[in-house]
Structure formats: C-alpha cells, structure tokens
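S.K.: Contents of work.pdb (PDB, C-alpha atoms and all ligand atoms):
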ATOM      1  CA  MET A   8     -20.468 -23.064   3.630
ATOM      2  CA  ILE A   9     -24.083 -23.762   2.711
ATOM      3  CA  LYS A  10     -24.140 -20.554   0.747
ATOM      4  CA  THR A  11     -20.974 -21.512  -1.090
ATOM      5  CA  ASN A  12     -22.416 -24.907  -1.949
ATOM      6  CA  LEU A  13     -25.590 -23.248  -3.177
ATOM      7  CA  ASN A  14     -23.544 -20.902  -5.339
ATOM      8  CA  TYR A  15     -21.599 -23.872  -6.590
ATOM      9  CA  SER A  16     -24.761 -25.775  -7.530
ATOM     10  CA  LYS A  17     -26.180 -22.653  -9.098
ATOM     11  CA  THR A  18     -23.046 -22.120 -11.188
ATOM     12  CA  LEU A  19     -23.005 -25.760 -12.194
ATOM     13  CA  SER A  20     -26.661 -25.727 -13.209
ATOM     14  CA  MET A  21     -26.017 -22.551 -15.217
ATOM     15  CA  VAL A  22     -23.237 -24.344 -17.076
ATOM     16  CA  VAL A  23     -25.492 -27.320 -17.792
ATOM     17  CA  LEU A  24     -28.331 -25.061 -18.936
ATOM     18  CA  LEU A  25     -25.960 -23.188 -21.220
ATOM     19  CA  SER A  26     -24.687 -26.457 -22.656
ATOM     20  CA  LEU A  27     -28.248 -27.623 -23.296
ATOM     21  CA  ALA A  28     -29.054 -24.350 -24.994
ATOM     22  CA  ILE A  29     -26.057 -24.758 -27.284
ATOM     23  CA  LEU A  30     -27.142 -28.313 -28.046
ATOM     24  CA  ALA A  31     -30.661 -27.191 -28.837
ATOM     25  CA  SER A  32     -29.355 -24.681 -31.322
ATOM     26  CA  CYS A  33     -27.387 -27.354 -33.204
ATOM     27  CA  LYS A  34     -28.781 -28.614 -36.511
ATOM     28  CA  LYS A  35     -31.090 -31.555 -36.163
ATOM     29  CA  ASP A  36     -29.168 -33.713 -38.632
ATOM     30  CA  GLN A  37     -26.121 -33.713 -36.439
ATOM     31  CA  ASP A  38     -25.396 -36.709 -34.264
ATOM     32  CA  PRO A  39     -26.606 -36.200 -30.753
ATOM     33  CA  VAL A  40     -23.696 -35.644 -28.418
ATOM     34  CA  ASP A  41     -23.328 -35.768 -24.702
ATOM     35  CA  PRO A  42     -23.818 -32.476 -22.877
ATOM     36  CA  VAL A  43     -20.510 -30.622 -22.840
ATOM     37  CA  LYS A  44     -18.762 -31.101 -19.570
ATOM     38  CA  PRO A  45     -16.420 -28.416 -18.310
ATOM     39  CA  GLU A  46     -12.802 -29.522 -18.597
ATOM     40  CA  LYS A  47     -12.024 -28.445 -15.065
ATOM     41  CA  PRO A  48     -14.374 -28.537 -12.119
ATOM     42  CA  VAL A  49     -16.060 -25.188 -11.630
ATOM     43  CA  THR A  50     -14.289 -23.447  -8.763
ATOM     44  CA  PRO A  51     -16.675 -21.814  -6.331
ATOM     45  CA  ALA A  52     -16.142 -18.055  -6.260
ATOM     46  CA  THR A  53     -13.941 -16.800  -3.420
ATOM     47  CA  PRO A  54     -16.024 -15.491  -0.540
ATOM     48  CA  ILE A  55     -17.050 -11.875  -0.986
ATOM     49  CA  ALA A  56     -16.022  -9.536   1.794
ATOM     50  CA  PRO A  57     -18.985  -8.023   3.648
ATOM     51  CA  ILE A  58     -19.618  -4.383   2.705
ATOM     52  CA  ARG A  59     -20.049  -1.892   5.560
ATOM     53  CA  PRO A  60     -22.104   0.834   3.882
ATOM     54  CA  VAL A  61     -21.580   4.567   4.255
ATOM     55  CA  THR A  62     -24.051   6.083   6.707
ATOM     56  CA  ALA A  63     -24.794   9.663   7.771
ATOM     57  CA  ASN A  64     -22.318   9.136  10.625
ATOM     58  CA  SER A  65     -19.461   7.754   8.524
ATOM     59  CA  ASN A  66     -16.165   9.565   8.864
ATOM     60  CA  PRO A  67     -14.493  10.318   5.510
ATOM     61  CA  TYR A  68     -11.068   9.853   7.128
ATOM     62  CA  VAL A  69      -9.503   6.717   8.555
ATOM     63  CA  THR A  70     -10.722   6.154  12.103
ATOM     64  CA  GLN A  71      -8.733   3.139  13.259
ATOM     65  CA  PHE A  72      -5.027   2.762  13.867
ATOM     66  CA  PHE A  73      -3.562  -0.731  13.735
ATOM     67  CA  GLU A  74       0.204  -0.685  13.304
ATOM     68  CA  TYR A  75       3.168   1.636  12.922
ATOM     69  CA  THR A  76       6.412  -0.067  11.922
ATOM     70  CA  PRO A  77       8.698   2.583  10.491
ATOM     71  CA  ALA A  78      12.179   2.072   9.118
ATOM     72  CA  PRO A  79      14.955   3.995  10.851
ATOM     73  CA  GLY A  80      15.066   7.660   9.948
ATOM     74  CA  GLN A  81      15.939  11.169  11.002
ATOM     75  CA  PHE A  82      12.501  11.860  12.541
ATOM     76  CA  ILE A  83      11.920   8.464  14.180
ATOM     77  CA  ASN A  84      11.526   8.736  17.977
ATOM     78  CA  THR A  85      10.533  12.418  17.568
ATOM     79  CA  GLY A  86       7.177  14.215  17.440
ATOM     80  CA  PHE A  87       6.842  12.983  13.834
ATOM     81  CA  GLY A  88       7.699   9.329  14.303
ATOM     82  CA  THR A  89       6.067   7.333  17.117
ATOM     83  CA  ALA A  90       2.924   5.191  17.420
ATOM     84  CA  GLU A  91       1.348   8.000  19.463
ATOM     85  CA  VAL A  92       1.874  10.381  16.538
ATOM     86  CA  ALA A  93       0.485   7.776  14.123
ATOM     87  CA  LYS A  94      -2.818   7.924  16.069
ATOM     88  CA  THR A  95      -3.068  11.689  15.654
ATOM     89  CA  ILE A  96      -3.487  11.197  11.893
ATOM     90  CA  LEU A  97      -6.945   9.703  12.448
ATOM     91  CA  LYS A  98     -10.112  11.636  11.499
ATOM     92  CA  GLY A  99      -8.330  14.508   9.775
ATOM     93  CA  LYS A 100      -5.202  15.767   8.068
ATOM     94  CA  ASP A 101      -3.669  18.231  10.502
ATOM     95  CA  ASN A 102      -0.765  16.160  11.815
ATOM     96  CA  LEU A 103       2.348  14.683  10.245
ATOM     97  CA  LEU A 104       3.732  11.158  10.485
ATOM     98  CA  THR A 105       6.982   9.975   8.921
ATOM     99  CA  LEU A 106       7.476   6.342   7.928
ATOM    100  CA  GLY A 107      11.286   6.481   7.952
ATOM    101  CA  ALA A 108      13.412   4.954   5.201
ATOM    102  CA  TRP A 109      12.440   2.210   2.770
ATOM    103  CA  GLY A 110       9.852  -0.301   3.950
ATOM    104  CA  GLY A 111       8.552   1.649   6.940
ATOM    105  CA  TYR A 112       4.753   1.454   7.076
ATOM    106  CA  VAL A 113       1.548   2.352   8.876
ATOM    107  CA  VAL A 114      -1.833   0.567   8.824
ATOM    108  CA  TYR A 115      -5.213   2.287   9.221
ATOM    109  CA  GLY A 116      -8.868   1.333   8.870
ATOM    110  CA  PHE A 117     -12.058   3.138   7.807
ATOM    111  CA  ASP A 118     -15.329   3.009   9.756
ATOM    112  CA  HIS A 119     -17.046   1.892   6.531
ATOM    113  CA  THR A 120     -16.082   0.092   3.344
ATOM    114  CA  VAL A 121     -14.601   2.450   0.740
ATOM    115  CA  LEU A 122     -16.329   1.345  -2.437
ATOM    116  CA  ASN A 123     -14.422   1.031  -5.687
ATOM    117  CA  GLY A 124     -16.151   3.646  -7.846
ATOM    118  CA  TYR A 125     -16.184   2.767 -11.519
ATOM    119  CA  ASN A 126     -13.465   4.442 -13.543
ATOM    120  CA  LYS A 127     -12.463   6.908 -10.865
ATOM    121  CA  PRO A 128     -10.079   7.240  -7.917
ATOM    122  CA  ASP A 129     -11.475   6.245  -4.540
ATOM    123  CA  ILE A 130      -8.990   7.218  -1.824
ATOM    124  CA  ILE A 131      -6.880  10.312  -1.238
ATOM    125  CA  VAL A 132      -3.664  10.102   0.798
ATOM    126  CA  PHE A 133      -2.293  13.385   2.067
ATOM    127  CA  GLY A 134       1.437  13.889   2.627
ATOM    128  CA  ASN A 135       3.869  16.787   2.658
ATOM    129  CA  ALA A 136       5.161  16.640  -0.918
ATOM    130  CA  PHE A 137       5.713  19.871  -2.773
ATOM    131  CA  ASN A 138       7.048  20.853  -6.134
ATOM    132  CA  LEU A 139      10.322  18.968  -6.819
ATOM    133  CA  PHE A 140      10.206  17.239  -3.453
ATOM    134  CA  ALA A 141       8.292  13.968  -3.599
ATOM    135  CA  GLU A 142       8.974  10.934  -1.411
ATOM    136  CA  PRO A 143       6.752   8.309  -3.058
ATOM    137  CA  GLY A 144       5.203   5.635  -0.876
ATOM    138  CA  ILE A 145       3.438   2.494  -2.033
ATOM    139  CA  ILE A 146      -0.219   2.178  -1.089
ATOM    140  CA  TRP A 147      -1.670  -1.227  -0.207
ATOM    141  CA  VAL A 148      -5.344  -2.009   0.375
ATOM    142  CA  MET A 149      -7.259  -4.856   2.013
ATOM    143  CA  ASP A 150     -10.891  -5.898   2.153
ATOM    144  CA  ASP A 151     -12.083  -7.492   5.359
ATOM    145  CA  LYS A 152     -12.787 -10.879   3.756
ATOM    146  CA  ASN A 153     -13.350 -12.739   7.002
ATOM    147  CA  GLY A 154     -15.418  -9.863   8.395
ATOM    148  CA  ASN A 155     -13.673  -9.779  11.786
ATOM    149  CA  GLY A 156     -12.828  -6.066  11.658
ATOM    150  CA  LYS A 157      -9.079  -6.735  11.632
ATOM    151  CA  PRO A 158      -6.508  -6.317   8.847
ATOM    152  CA  ASP A 159      -5.624 -10.033   8.879
ATOM    153  CA  ASP A 160      -6.666 -10.802   5.288
ATOM    154  CA  THR A 161      -4.657 -10.172   2.092
ATOM    155  CA  TRP A 162      -2.832  -6.964   1.226
ATOM    156  CA  TYR A 163      -3.000  -5.854  -2.408
ATOM    157  CA  GLU A 164      -0.508  -3.356  -3.774
ATOM    158  CA  LEU A 165      -1.990  -0.518  -5.812
ATOM    159  CA  ARG A 166      -0.083  -0.412  -9.073
ATOM    160  CA  GLY A 167       1.391   3.035  -9.705
ATOM    161  CA  SER A 168       3.187   4.509 -12.689
ATOM    162  CA  LYS A 169       6.535   2.851 -11.836
ATOM    163  CA  TYR A 170       5.069  -0.627 -11.608
ATOM    164  CA  ASN A 171       7.334  -3.046 -13.527
ATOM    165  CA  GLN A 172       9.548  -0.195 -14.708
ATOM    166  CA  GLU A 173      13.311  -0.361 -14.380
ATOM    167  CA  GLY A 174      14.325  -0.233 -10.734
ATOM    168  CA  TYR A 175      10.983  -1.564  -9.452
ATOM    169  CA  VAL A 176      11.506  -4.729  -7.389
ATOM    170  CA  ARG A 177       8.786  -6.878  -5.828
ATOM    171  CA  ASN A 178       9.428  -9.177  -2.852
ATOM    172  CA  TYR A 179      12.176  -6.831  -1.737
ATOM    173  CA  THR A 180      13.432  -6.932   1.843
ATOM    174  CA  VAL A 181      15.737  -4.765   3.887
ATOM    175  CA  THR A 182      17.157  -5.737   7.265
ATOM    176  CA  TYR A 183      18.082  -2.880   9.589
ATOM    177  CA  THR A 184      20.613  -3.432  12.366
ATOM    178  CA  HIS A 185      20.569  -1.649  15.694
ATOM    179  CA  PRO A 186      23.843   0.300  15.728
ATOM    180  CA  LYS A 187      26.266  -0.312  18.593
ATOM    181  CA  ASN A 188      25.527   3.132  19.945
ATOM    182  CA  ASP A 189      22.731   5.608  19.364
ATOM    183  CA  THR A 190      24.997   8.170  17.744
ATOM    184  CA  SER A 191      25.979   5.862  14.861
ATOM    185  CA  ASP A 192      24.486   5.507  11.388
ATOM    186  CA  VAL A 193      22.033   2.589  11.037
ATOM    187  CA  PRO A 194      23.355  -0.237   8.830
ATOM    188  CA  TRP A 195      21.066  -2.000   6.354
ATOM    189  CA  ARG A 196      21.333  -4.888   3.931
ATOM    190  CA  ASP A 197      18.816  -5.964   1.295
ATOM    191  CA  ASN A 198      18.011  -9.373  -0.204
ATOM    192  CA  HIS A 199      19.937  -8.517  -3.389
ATOM    193  CA  GLY A 200      23.372  -8.270  -1.775
ATOM    194  CA  ASN A 201      23.397  -4.481  -1.298
ATOM    195  CA  ARG A 202      24.388  -2.732   1.901
ATOM    196  CA  GLY A 203      24.373   0.814   3.163
ATOM    197  CA  TYR A 204      23.567   3.115   6.058
ATOM    198  CA  ILE A 205      20.702   5.320   7.112
ATOM    199  CA  LYS A 206      22.988   8.237   7.813
ATOM    200  CA  ARG A 207      22.673  10.689  10.633
ATOM    201  CA  ASN A 208      22.679  14.436  10.066
ATOM    202  CA  ILE A 209      23.483  17.403  12.256
ATOM    203  CA  TYR A 210      19.868  18.524  12.592
ATOM    204  CA  ASN A 211      18.447  15.462  14.333
ATOM    205  CA  THR A 212      20.485  14.054  17.175
ATOM    206  CA  GLN A 213      18.116  11.452  18.706
ATOM    207  CA  PRO A 214      18.471   7.697  17.947
ATOM    208  CA  TYR A 215      17.273   6.923  14.391
ATOM    209  CA  PHE A 216      16.519   3.240  15.125
ATOM    210  CA  PRO A 217      12.941   2.870  16.509
ATOM    211  CA  LYS A 218      13.320   2.685  20.290
ATOM    212  CA  TRP A 219      10.470   0.212  20.733
ATOM    213  CA  VAL A 220      11.886  -2.361  18.297
ATOM    214  CA  THR A 221      13.431  -5.046  20.464
ATOM    215  CA  GLY A 222      16.193  -7.254  19.131
ATOM    216  CA  SER A 223      19.309  -6.297  17.231
ATOM    217  CA  THR A 224      17.764  -6.415  13.726
ATOM    218  CA  TYR A 225      14.392  -6.311  12.003
ATOM    219  CA  THR A 226      13.396  -6.940   8.413
ATOM    220  CA  LEU A 227      10.853  -5.029   6.342
ATOM    221  CA  LYS A 228       9.249  -6.414   3.178
ATOM    222  CA  GLY A 229       7.517  -4.865   0.186
ATOM    223  CA  SER A 230       8.127  -3.414  -3.246
ATOM    224  CA  LEU A 231      11.016  -1.116  -4.096
ATOM    225  CA  LEU A 232      10.454   1.922  -6.296
ATOM    226  CA  PRO A 233      13.243   3.288  -8.495
ATOM    227  CA  SER A 234      15.149   6.321  -7.243
ATOM    228  CA  THR A 235      15.123   7.852 -10.714
ATOM    229  CA  ASN A 236      13.060  10.749  -9.309
ATOM    230  CA  ILE A 237      16.084  12.068  -7.398
ATOM    231  CA  ASP A 238      18.712  14.408  -8.803
ATOM    232  CA  ASP A 239      21.538  15.080  -6.346
ATOM    233  CA  SER A 240      24.086  16.201  -8.931
ATOM    234  CA  ASN A 241      24.103  19.538  -7.106
ATOM    235  CA  PRO A 242      24.389  18.523  -3.403
ATOM    236  CA  ASP A 243      23.221  21.971  -2.329
ATOM    237  CA  TYR A 244      20.048  21.688  -4.374
ATOM    238  CA  ILE A 245      18.790  18.108  -4.312
ATOM    239  CA  ILE A 246      15.486  17.586  -6.063
ATOM    240  CA  SER A 247      13.087  14.668  -5.939
ATOM    241  CA  ARG A 248      10.451  14.712  -8.659
ATOM    242  CA  SER A 249       6.961  13.231  -8.480
ATOM    243  CA  PHE A 250       6.147  10.009 -10.269
ATOM    244  CA  ASP A 251       3.222  10.178 -12.704
ATOM    245  CA  PHE A 252       0.558   8.626 -10.471
ATOM    246  CA  GLY A 253      -0.347   6.109  -7.837
ATOM    247  CA  TYR A 254       1.822   6.903  -4.775
ATOM    248  CA  ALA A 255       1.561   8.590  -1.387
ATOM    249  CA  ASP A 256       3.573  11.770  -0.577
ATOM    250  CA  ASN A 257       4.007  12.224  -4.308
ATOM    251  CA  THR A 258       2.220  15.464  -5.246
ATOM    252  CA  SER A 259       1.218  18.534  -3.296
ATOM    253  CA  GLY A 260      -2.403  18.619  -2.197
ATOM    254  CA  GLY A 261      -2.744  14.838  -1.808
ATOM    255  CA  ASP A 262      -2.590  11.790  -4.042
ATOM    256  CA  LYS A 263      -5.739  10.159  -5.398
ATOM    257  CA  VAL A 264      -5.591   6.426  -6.030
ATOM    258  CA  ASP A 265      -7.921   3.918  -7.655
ATOM    259  CA  ILE A 266      -8.780   0.600  -6.003
ATOM    260  CA  SER A 267      -9.015  -0.871  -9.521
ATOM    261  CA  ASN A 268      -5.199  -0.777  -9.653
ATOM    262  CA  ALA A 269      -4.972  -3.502  -6.993
ATOM    263  CA  ILE A 270      -2.698  -6.418  -7.855
ATOM    264  CA  ASP A 271      -2.015  -9.668  -6.046
ATOM    265  CA  LYS A 272       1.365 -11.100  -5.053
ATOM    266  CA  ASN A 273       1.884 -12.356  -8.594
ATOM    267  CA  GLY A 274       1.162  -8.966 -10.126
ATOM    268  CA  VAL A 275      -2.251 -10.043 -11.416
ATOM    269  CA  SER A 276      -5.093  -7.490 -11.243
ATOM    270  CA  VAL A 277      -7.617  -8.142  -8.497
ATOM    271  CA  LYS A 278     -11.250  -7.004  -8.624
ATOM    272  CA  LEU A 279     -12.259  -5.505  -5.303
ATOM    273  CA  LYS A 280     -15.747  -4.132  -4.616
ATOM    274  CA  GLY A 281     -14.286  -2.010  -1.847
ATOM    275  CA  VAL A 282     -11.645  -1.903   0.860
ATOM    276  CA  ASP A 283     -11.640  -1.529   4.634
ATOM    277  CA  PHE A 284      -7.927  -1.110   5.431
ATOM    278  CA  ILE A 285      -4.973   0.765   3.980
ATOM    279  CA  LYS A 286      -1.206   0.430   4.418
ATOM    280  CA  ILE A 287       1.235   3.101   3.313
ATOM    281  CA  GLN A 288       4.890   2.186   2.929
ATOM    282  CA  THR A 289       8.004   4.166   1.999
ATOM    283  CA  GLY A 290       8.904   3.061  -1.537
ATOM    284  CA  VAL A 291      12.317   4.569  -2.337
ATOM    285  CA  LEU A 292      15.647   3.641  -0.689
ATOM    286  CA  TYR A 293      17.946   6.607  -1.067
ATOM    287  CA  ASP A 294      20.169   8.808   1.043
ATOM    288  CA  MET A 295      19.719  12.440   0.068
ATOM    289  CA  GLY A 296      22.787  13.811   1.791
ATOM    290  CA  TRP A 297      22.128  16.615   4.238
ATOM    291  CA  LEU A 298      18.376  16.226   3.603
ATOM    292  CA  GLY A 299      18.428  12.747   5.135
ATOM    293  CA  GLU A 300      16.787   9.559   3.919
ATOM    294  CA  GLN A 301      13.910   9.404   1.431
ATOM    295  CA  SER A 302      10.971   8.798   3.738
ATOM    296  CA  THR A 303       7.281   8.950   2.971
ATOM    297  CA  GLU A 304       5.124  11.179   5.188
ATOM    298  CA  VAL A 305       1.387  10.840   5.829
ATOM    299  CA  THR A 306      -0.898  13.575   7.130
ATOM    300  CA  GLY A 307      -4.281  11.983   6.432
ATOM    301  CA  VAL A 308      -6.202   9.355   4.477
ATOM    302  CA  ALA A 309      -9.760   9.841   3.210
ATOM    303  CA  ASP A 310     -12.572   8.254   1.191
ATOM    304  CA  LEU A 311     -12.960  10.455  -1.890
ATOM    305  CA  SER A 312     -16.663   9.658  -2.227
ATOM    306  CA  ILE A 313     -17.559  11.473   1.004
ATOM    307  CA  VAL A 314     -14.645  13.763   1.907
ATOM    308  CA  LYS A 315     -15.073  17.493   1.383
ATOM    309  CA  LEU A 316     -11.947  18.902  -0.212
ATOM    310  CA  ASP A 317     -11.027  22.562  -0.548
ATOM    311  CA  ASP A 318     -10.793  22.205  -4.319
ATOM    312  CA  GLN A 319     -14.169  20.539  -4.772
TER
HETATM  313 CA    CA B   1     -12.218   3.175  -8.564
HETATM  314 CA    CA B   2     -10.176  -9.417   8.661
HETATM  315 CA    CA B   3      10.479  12.464   4.458
HETATM  316 CA    CA B   4       7.761  13.995   2.394
END
Just give me the structure of the file as structure tokens.
Ligand SMILES: [Ca+2]
Ligand SMILES: [Ca+2]
Ligand SMILES: [Ca+2]
Ligand SMILES: [Ca+2]
M.R.:
Amino acid sequence: MIKTNLNYSKTLSMVVLLSLAILASCKKDQDPVDPVKPEKPVTPATPIAPIRPVTANSNPYVTQFFEYTPAPGQFINTGFGTAEVAKTILKGKDNLLTLGAWGGYVVYGFDHTVLNGYNKPDIIVFGNAFNLFAEPGIIWVMDDKNGNGKPDDTWYELRGSKYNQEGYVRNYTVTYTHPKNDTSDVPWRDNHGNRGYIKRNIYNTQPYFPKWVTGSTYTLKGSLLPSTNIDDSNPDYIISRSFDFGYADNTSGGDKVDISNAIDKNGVSVKLKGVDFIKIQTGVLYDMGWLGEQSTEVTGVADLSIVKLDDQ
C-alpha cells in the first residue's frame, strides 16, 4: 500500500513537473495560466507481479501440476486421460495427455517466471500434431500477481492466428451431460443453442465422461476456434490442417508462442513482464467420425529461453 501511494505521489509530482516545464517554455507575453491539471485522477499502476528469476537449478519444463478438467473424449479415463497422467507431463516431454473435446483443460506452473523476451516467442508447448493432423488448443497464461504461488489471478488468452476470424467465439460455454449409461454417447449443448454428442467409437470402449466428475452435468468455458481446418469430405481420409500460429497441438515438433500476444477478457492487449502459470484448452468442437472428437494433446511445456531443443 505504502509503495503504491509512493508511486502515486511520484507519478503526480511528475505530472506537475511536466506541466511546469510546459509553462516555462511558453512565451513570456502570454497570460499566466494555472498549472494544467489532469482531467482524470492519475490511476496508480496495477501492482506488478513479483518475478522469480531463472537460477542454475531452474527446470526449463513446467514443474507444478494444478488442475486437469478435460471434456469427455475417447481417451478420457484411460492411460492418456487422468489427473495421474497429467502429472507425468511435468519436467519433460515423454508422456501424452489428452484434454478431451472442446473446453477440456490442464493447468501447470513453472519453478521460475518465464520472462517475455522482446520480439520473440517465450514458451513451447509440445503435442502430438503431425502433417495434416492438428488439433489446435488455446493457450492461456497468468502471472502470479498476488505472489502466493497459486494460479488464482487472471488468465490471459494468447491471441493466435484465428483470433477474431470467422468461427472464433469468446465467452463460449459447453455443458456436458453424464449419459444414462456408460456405453452411450455424451450429450452436449452450448450457449448459442447448439447441441450434439461426443460420439463413441469401436476402438475405445471405456466411459468417455470423466469418472471423477460428480453431478450429472458440468460446464466448460473459454474461446471457440473455427473448425475450418478440418476436411472430412472423404470420411476415409479426414484431414485437419494446422492454423498459422499461436496454438497447442498445432504443428509437429512443438508450438512456440509469444507472451506479447496476451489479451484480456475484452480482447485488449496486456503487457506482461513474464508468466508463472499456463493453461492449455482444446479449442475446436468437432466430431471427426471414426477418428473421434477433436481433442488437444499435450506432451510437455517449456521455457524457450532455457530449454535445450534438438533443433537448436
Ligand atoms: Ca516474447
Ligand atoms: Ca496467485
Ligand atoms: Ca486428440
Ligand atoms: Ca493431437
């Protein structure tokens, strides 16, 4: 508080000094005028999140697991879709986690603050995308503003190439309903009046609705990406192209994203010095026939400034 007040006084005195300087530069034959007062009170700057610097012991990969809330999907409740599996993603990129259909997400933290390097990407998210088979996921970041080590501050979406393009919807929600029996498709409805099913396939016979979700429904929230990447005109050869940039599970070899693309809930750019937490969320809602639902996968998340990559 004291610091904020000091900053406030400092800012105010800067404004007054500046006003005086402008006055001093005016011609002497002008009438003296009162020092210019700002039209609005100067708002103290929002508190700056504490930076946890990189040290010799810092891990380039995420080291903390906070939450796994997938949407229903063909690999949920299997060795690719439980909270236990989500933990195996930490400190490397050797395991595979699926987030299920649209809106499913996972939250991780770094053991240091990932700084926003000027004019360059800062984080790499590894998935299992390959040529003509992308399942783009939206990446959200958070700085630990209150410094308590928990992701309880504000999430900022990282704007990717489909931001504000046709088919992109912010403040989107989907409610999934527990089917009457575990061998049924999972019904969903969104907040735009659409309905559908996360359909079962012959390859995966376990329940697709997360077993640990209690209650008959749950609702996921986020931003919807267009499904314009998918071409299922030939059901035997369904393809799902990569978007240009900015999403998880989008290109083979990992997707590099820039913290400078952070936007707030109104879509306004946010300047972040660095981030401590990351959330990855399936972005496309689409049933790809025998291939199952579009579902983002994550195999690892790393700080580009300290990770050693094979291609570097
Ligand atoms: Ca950057
Ligand atoms: Ca916090
Ligand atoms: Ca998938
Ligand atoms: Ca995938």
S.K.: As a quick test: using all atoms listed in the file, which residues lie no more than 8 Å away from ligand CA 4 (chain B)? Give them as a list of chain:residue names.
M.R.: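 Selection of residues at most 8 Å from ligand CA 4 (chain B): A:Thr105, A:Gly134, A:Asn135, A:Ala136, A:Phe140, A:Ala141, A:Glu142, A:Pro143, A:Asp256, A:Asn257, A:Gln301, A:Ser302, A:Thr303, A:Glu304, A:Val305.
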S.K.: Tell me which of A:Leu104, A:Ile131, A:Ile145, A:Ala255 sits closest to A:Gln288, counting all atoms listed in the file.
M.R.: A:Ile145
S.K.: Under the PyMOL selection byres (((not hetatm)) within 6 of (chain B and resi 2)), which residues of this model are included? Write them out as a list of chain:residue names.
M.R.: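 So the PyMOL selection byres (((not hetatm)) within 6 of (chain B and resi 2)) ends up selecting A:Asp151, A:Lys152, A:Asn153, A:Gly154, A:Asn155, A:Gly156, A:Lys157, A:Pro158, A:Asp159, A:Asp160.
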S.K.: Return the single residue from A:Pro128, A:Gly200, A:Gly88, A:Pro186 that is closest to ligand CA 1 (chain B), with distances computed using all atoms listed in the file.
M.R.: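 Smallest separation from ligand CA 1 (chain B) among the options: A:Pro128.
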S.K.: Could you jot down the atom CA of A:Gly299 to atom CA of A:Asn84 separation for me, Å, one decimal place?
M.R.: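 Between these atoms lies a distance of 15.1 Å.
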S.K.: Find the residues with any atom within 6 Å of (-2.7, 3.7, 13.0); use only C-alpha atoms and the coordinates as given in the file, and write the answer as a list in words.
M.R.: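 Residues close enough to count: Phe72, Phe73, Glu74, Ala93, Lys94, Val114 and Tyr115 of chain A.
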S.K.: Store the residues picked out above in a file with C-alpha atoms, as a PDB file, keeping the file's coordinate frame.
M.R.:
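This is the output file selection_29.pdb:
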ATOM      1  CA  PHE A  72      -5.027   2.762  13.867  1.00  0.00           C
ATOM      2  CA  PHE A  73      -3.562  -0.731  13.735  1.00  0.00           C
ATOM      3  CA  GLU A  74       0.204  -0.685  13.304  1.00  0.00           C
ATOM      4  CA  ALA A  93       0.485   7.776  14.123  1.00  0.00           C
ATOM      5  CA  LYS A  94      -2.818   7.924  16.069  1.00  0.00           C
ATOM      6  CA  VAL A 114      -1.833   0.567   8.824  1.00  0.00           C
ATOM      7  CA  TYR A 115      -5.213   2.287   9.221  1.00  0.00           C
TER       8      TYR A 115
END
S.K.: Distance atom CA of A:Ser65-atom CA of A:Ile266, one decimal place?
M.R.: 19.4 Å
